[in-house]
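Visitor: Hey, dropping work.csv in here, CSV, C-alpha atoms:
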chain,number,residue,atom,x,y,z
W,57,MET,CA,26.7,17.0,15.4
W,58,HIS,CA,24.3,19.9,14.4
W,59,ARG,CA,20.7,19.3,13.6
W,60,THR,CA,21.5,20.3,10.0
W,61,ASP,CA,24.0,17.4,9.7
W,62,ASP,CA,21.5,15.0,11.3
W,63,ASP,CA,18.9,16.1,8.6
W,64,ILE,CA,21.4,15.5,5.8
W,65,LEU,CA,22.2,12.1,7.1
W,66,LEU,CA,18.5,11.2,7.6
W,67,LEU,CA,17.7,12.3,4.0
W,68,LYS,CA,20.7,10.4,2.6
W,69,GLN,CA,19.6,7.2,4.4
W,70,PHE,CA,16.0,7.7,3.2
W,71,LYS,CA,17.0,8.1,-0.4
W,72,SER,CA,19.3,5.1,-0.3
W,73,GLY,CA,16.4,2.9,0.8
W,74,ASN,CA,17.2,2.4,4.5
W,75,GLU,CA,14.2,0.6,6.0
W,76,ARG,CA,14.6,1.9,9.5
W,77,THR,CA,14.6,5.5,8.2
W,78,PHE,CA,11.5,4.8,6.1
W,79,GLU,CA,9.7,3.2,9.0
W,80,HIS,CA,10.6,6.4,11.1
W,81,PHE,CA,8.7,8.6,8.6
W,82,PHE,CA,5.9,6.0,8.2
W,83,ASN,CA,5.3,6.1,12.0
W,84,LYS,CA,5.7,9.9,12.0
W,85,TYR,CA,3.2,10.7,9.3
W,86,TYR,CA,0.8,7.7,8.9
W,87,ASN,CA,-1.9,8.9,11.4
W,88,HIS,CA,-1.6,12.5,10.2
W,89,ILE,CA,-2.2,11.5,6.5
W,90,VAL,CA,-5.1,9.2,7.5
W,91,GLY,CA,-6.7,12.0,9.4
W,92,PHE,CA,-6.1,14.4,6.5
W,93,CYS,CA,-7.8,12.0,4.1
W,94,VAL,CA,-10.8,11.4,6.3
W,95,GLN,CA,-11.7,15.1,6.0
W,96,PHE,CA,-12.2,14.5,2.2
W,97,VAL,CA,-13.5,10.9,1.8
W,98,TYR,CA,-15.4,10.5,5.2
W,99,SER,CA,-14.4,6.8,5.3
W,100,GLU,CA,-11.6,5.6,7.5
W,101,ASN,CA,-11.0,2.5,5.4
W,102,GLU,CA,-10.8,4.5,2.2
W,103,ALA,CA,-8.5,7.0,3.9
W,104,LYS,CA,-6.2,4.2,5.1
W,105,ASN,CA,-6.1,2.8,1.6
W,106,ILE,CA,-5.1,6.1,0.1
W,107,THR,CA,-2.5,6.6,2.8
W,108,GLN,CA,-1.1,3.2,2.2
W,109,GLU,CA,-0.9,4.0,-1.5
W,110,ALA,CA,0.8,7.3,-0.8
W,111,PHE,CA,3.5,5.6,1.2
W,112,VAL,CA,4.1,3.0,-1.5
W,113,ASN,CA,4.5,5.7,-4.0
W,114,LEU,CA,6.8,7.7,-1.7
W,115,TRP,CA,9.0,4.6,-1.5
W,116,LEU,CA,9.0,4.1,-5.3
W,117,ASN,CA,10.0,7.8,-5.7
W,118,LYS,CA,12.4,8.1,-2.8
W,119,GLU,CA,15.3,9.1,-5.0
W,120,LYS,CA,13.4,12.2,-6.2
W,121,ILE,CA,13.0,13.6,-2.7
W,122,ASP,CA,15.4,16.5,-2.2
W,123,SER,CA,14.6,17.5,1.4
W,124,LEU,CA,13.0,16.1,4.6
W,125,ASN,CA,10.2,18.6,4.1
W,126,GLY,CA,9.7,17.1,0.7
W,127,ILE,CA,8.7,13.8,2.3
W,128,LYS,CA,5.8,15.4,4.1
W,129,SER,CA,4.9,17.5,1.0
W,130,PHE,CA,4.9,14.4,-1.3
W,131,LEU,CA,2.6,12.5,1.1
W,132,TYR,CA,0.1,15.3,1.5
W,133,THR,CA,0.1,16.3,-2.2
W,134,TYR,CA,-0.4,12.7,-3.4
W,135,SER,CA,-3.1,12.0,-0.8
W,136,LYS,CA,-5.0,15.2,-1.6
W,137,SER,CA,-5.0,14.4,-5.3
W,138,LYS,CA,-6.2,10.8,-4.7
W,139,CYS,CA,-8.9,12.1,-2.3
W,140,LEU,CA,-10.2,14.6,-4.8
W,141,ASN,CA,-10.3,12.0,-7.6
W,142,ALA,CA,-12.2,9.7,-5.3
W,143,ILE,CA,-14.8,12.4,-4.5
W,144,ARG,CA,-15.2,13.2,-8.2
W,145,HIS,CA,-15.5,9.6,-9.2
W,146,GLN,CA,-18.0,8.9,-6.5
W,147,LYS,CA,-20.2,11.7,-7.6
W,148,VAL,CA,-20.0,10.6,-11.2
W,149,LYS,CA,-20.7,7.0,-10.3
W,150,GLU,CA,-23.8,7.9,-8.4
W,151,LYS,CA,-25.2,9.7,-11.5
W,152,TYR,CA,-24.1,7.2,-14.2
W,153,LYS,CA,-23.8,3.6,-13.0
W,154,ASN,CA,-22.6,1.6,-16.0
W,155,GLN,CA,-19.7,-0.6,-17.1
W,156,ALA,CA,-18.4,1.9,-19.6
W,157,LEU,CA,-17.9,4.4,-16.8
W,158,ASN,CA,-16.0,1.9,-14.7
W,159,ASN,CA,-13.7,1.1,-17.6
W,160,LYS,CA,-13.0,4.8,-18.1
W,161,GLU,CA,-12.3,5.1,-14.3
W,162,LYS,CA,-9.8,2.3,-14.4
W,163,GLN,CA,-8.1,3.9,-17.4
W,164,LEU,CA,-7.9,7.2,-15.6
W,165,ASN,CA,-6.3,5.6,-12.6
W,166,ILE,CA,-3.7,4.1,-14.8
W,167,GLU,CA,-3.1,7.5,-16.4
W,168,VAL,CA,-2.7,9.1,-13.0
W,169,LEU,CA,-0.1,6.5,-12.1
W,170,ASN,CA,1.7,7.0,-15.3
W,171,ALA,CA,1.7,10.7,-14.8
W,172,MET,CA,3.8,10.1,-11.7
W,173,LYS,CA,6.7,9.1,-14.0
W,174,PHE,CA,8.0,6.3,-11.9
W,175,ASP,CA,11.7,5.6,-12.4
W,176,THR,CA,11.3,2.1,-11.0
W,177,MET,CA,8.2,0.0,-10.5
W,178,SER,CA,4.7,1.3,-10.8
W,179,LEU,CA,1.9,0.5,-8.4
W,180,THR,CA,0.2,-1.5,-11.1
W,181,GLU,CA,3.3,-3.6,-11.6
W,182,LEU,CA,3.6,-4.0,-7.8
W,183,GLU,CA,0.1,-5.3,-7.5
W,184,SER,CA,0.8,-7.8,-10.3
W,185,LEU,CA,3.9,-9.0,-8.5
W,186,ILE,CA,2.0,-9.5,-5.3
W,187,THR,CA,-0.8,-11.5,-7.1
W,188,GLN,CA,1.8,-13.6,-9.0
W,189,SER,CA,3.7,-14.3,-5.8
W,190,VAL,CA,0.5,-15.4,-4.1
W,191,TYR,CA,-0.2,-17.9,-6.9
W,192,GLU,CA,3.3,-19.3,-6.7
W,193,LEU,CA,2.7,-20.4,-3.1
W,194,PRO,CA,2.4,-24.1,-2.4
W,195,ASP,CA,-1.2,-25.3,-3.2
W,196,LYS,CA,-2.5,-25.7,0.3
W,197,THR,CA,-0.8,-22.6,1.6
W,198,GLN,CA,-2.1,-20.6,-1.3
W,199,GLU,CA,-5.6,-21.9,-0.8
W,200,ILE,CA,-5.6,-20.9,2.9
W,201,PHE,CA,-3.9,-17.5,2.3
W,202,ILE,CA,-6.5,-16.6,-0.4
W,203,LYS,CA,-9.4,-17.4,1.9
W,204,LYS,CA,-7.8,-15.3,4.6
W,205,ARG,CA,-6.6,-12.4,2.6
W,206,PHE,CA,-9.0,-12.1,-0.3
W,207,GLU,CA,-12.2,-13.7,1.1
W,208,ASN,CA,-11.7,-12.1,4.5
W,209,LYS,CA,-12.4,-15.4,6.3
W,210,LYS,CA,-11.4,-16.0,9.9
W,211,ASN,CA,-9.0,-18.7,10.9
W,212,LYS,CA,-11.8,-20.7,12.6
W,213,GLU,CA,-14.0,-20.5,9.4
W,214,ILE,CA,-11.1,-21.7,7.3
W,215,ALA,CA,-10.3,-24.6,9.7
W,216,LEU,CA,-14.0,-25.8,9.6
W,217,GLU,CA,-14.3,-25.4,5.9
W,218,LEU,CA,-11.1,-27.4,5.2
W,219,ASN,CA,-11.5,-29.8,8.1
W,220,ILE,CA,-8.1,-28.9,9.6
W,221,SER,CA,-7.0,-27.4,13.0
W,222,ILE,CA,-6.8,-23.7,13.6
W,223,LYS,CA,-3.1,-24.2,14.4
W,224,THR,CA,-2.6,-25.7,10.9
W,225,VAL,CA,-4.3,-22.7,9.4
W,226,GLU,CA,-2.1,-20.3,11.4
W,227,ALA,CA,1.0,-22.3,10.3
W,228,HIS,CA,0.1,-22.0,6.6
W,229,ILE,CA,-0.6,-18.2,6.9
W,230,THR,CA,2.7,-17.7,8.7
W,231,LYS,CA,4.5,-19.7,5.9
W,232,ALA,CA,2.7,-17.7,3.2
W,233,LEU,CA,3.7,-14.4,4.8
W,234,ASN,CA,7.3,-15.4,5.2
W,235,ILE,CA,7.5,-16.5,1.6
W,236,LEU,CA,5.8,-13.3,0.3
W,237,LYS,CA,8.0,-11.0,2.5
W,238,THR,CA,11.1,-12.7,1.1
W,239,LYS,CA,9.9,-12.3,-2.5
W,240,LEU,CA,8.8,-8.7,-2.0
W,241,SER,CA,11.7,-7.5,0.1
W,242,ASP,CA,13.7,-6.3,-2.9
W,243,TYR,CA,10.9,-3.9,-3.8
W,244,LEU,CA,9.4,-2.6,-0.6
W,245,PRO,CA,10.3,-2.2,3.1
W,246,SER,CA,8.8,-4.7,5.5
W,247,ILE,CA,6.4,-2.3,7.1
W,248,LEU,CA,4.7,-1.6,3.8
W,249,ILE,CA,4.7,-5.3,2.9
W,250,ALA,CA,2.8,-6.0,6.1
W,251,PHE,CA,0.2,-3.3,5.2
W,252,LEU,CA,-0.2,-4.6,1.7
W,253,LEU,CA,-0.7,-8.2,2.7
W,254,PHE,CA,-3.2,-7.5,5.5
Would you mind giving the structure from this file in structure tokens?
Guide:
Amino acid sequence: MHRTDDDILLLKQFKSGNERTFEHFFNKYYNHIVGFCVQFVYSENEAKNITQEAFVNLWLNKEKIDSLNGIKSFLYTYSKSKCLNAIRHQKVKEKYKNQALNNKEKQLNIEVLNAMKFDTMSLTELESLITQSVYELPDKTQEIFIKKRFENKKNKEIALELNISIKTVEAHITKALNILKTKLSDYLPSILIAFLLF
């Protein structure tokens, strides 16, 4: 089989939502995109957040990609746009720190997402789905997962706070992840679910 045939097959698998193929490109480009973003935003955490968002949007728009080079182009173009927005917003926020500006910024973010013209689910809808899924977890599991995921507490801290063993905390977190992965598997590949949940 010629390389051209391999490329056609790889692109076909990607567009059809093959998780292994998506993971291949994720592993291939993730560090490159993070490094690219760091040059703009000077923060590794923010660069990783932008990169994660770029891959989520790549998945949501996979049917629109017409070539393998288009995957790389999409990631870099989306990331650069988000980085430039972040820089501009930061400069403005430093000059005018008020609630009205924050509201305008949120609206702008929604407009940017809408401008992508998603055929399927938007990132905003995806975030809502994750939040809804978390609040549908069993009470104790939900409480422990929220402390871990949203309050950034360590397992030991959670165990002491709730007067339970660390193993019990770990069991609830594992249970939460399994439930959430199942609920979100129709929308995202497992490698992105893992990044979104932690």
Visitor: Can you tell me how far atom CA of W:Leu182 sits from atom CA of W:His80, in Å to one decimal?
Guide: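 So the two atoms, atom CA of W:Leu182 and atom CA of W:His80, lie 22.7 Å apart.
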Visitor: Which residue out of W:Ile106, W:Ile127, W:Ile249, W:Ile222 has the minimum interatomic distance to W:Glu75 when all atoms listed in the file are used?
Guide: W:Ile249
Visitor: Determine the nearest neighbour of W:Glu183 from the options W:Cys139, W:Glu109, W:Thr230, W:Phe201, counting all atoms listed in the file.
Guide: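 Result for the nearest residue to W:Glu183: W:Glu109.
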Visitor: How far is it from atom CA of W:Tyr86 to atom CA of W:Leu124, in Å with one decimal?
Guide: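 Between atom CA of W:Tyr86 and atom CA of W:Leu124 the gap is 15.4 Å.
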Visitor: Quick one: of W:Leu67, W:Leu193, W:Val90, W:Val112, who's nearest to W:Gly126, counting only C-alpha atoms?
Guide: W:Leu67
Visitor: I need the residue nearest W:Ile235 from this list: W:Glu207, W:Glu213, W:Glu199, W:Glu192. Use only C-alpha atoms for the distance.
Guide: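 Closest candidate: W:Glu192.
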Visitor: Between stretch 177-209 of chain W and stretch 240-246 of chain W, at 9 Å or less, what are the per-residue closest atom pairs and their distances in Å? Count only C-alpha atoms, order by chain and rising residue number, and return it as JSON lines.
Guide:
{"residue": "W:Met177", "atom": "CA", "partner": "W:Tyr243", "partner_atom": "CA", "distance": 8.2}
{"residue": "W:Leu182", "atom": "CA", "partner": "W:Tyr243", "partner_atom": "CA", "distance": 8.3}
{"residue": "W:Leu185", "atom": "CA", "partner": "W:Leu240", "partner_atom": "CA", "distance": 8.1}
{"residue": "W:Ile186", "atom": "CA", "partner": "W:Leu240", "partner_atom": "CA", "distance": 7.6}
{"residue": "W:Ser189", "atom": "CA", "partner": "W:Leu240", "partner_atom": "CA", "distance": 8.5}
Visitor: So how far away is atom CA of W:Ile121 from atom CA of W:Ile64, in Å?
Guide: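 Those two atoms sit 12.1 Å apart.
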Visitor: Go through W:Thr187, W:Asn83, W:Asn219, W:Ala142 and flag the residue nearest W:Lys239, using all atoms listed in the file for the distances.
Guide: W:Thr187
Visitor: For a quick check of your reading of the model, name the residues lying within 12 Å of the coordinate (-10.2, 5.0, 3.6), counting only C-alpha atoms, and write them as an NGL selection string.
Guide: :W and (89-109 or 135 or 138-139 or 142-143)
Visitor: Measuring atom to atom with all atoms listed in the file, identify which of W:Phe130, W:His88, W:Ala232, W:Glu119 is nearest to W:Ser72.
Guide: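 Closest candidate: W:Glu119.
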Visitor: Residues at most 8 Å from W:Val225, counting only C-alpha atoms, excluding those fewer than 6 positions away in the same chain, as a list in words?
Guide: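 The residues satisfying every condition are Ile200, Asn211, Ile214 and Ala215 of chain W.
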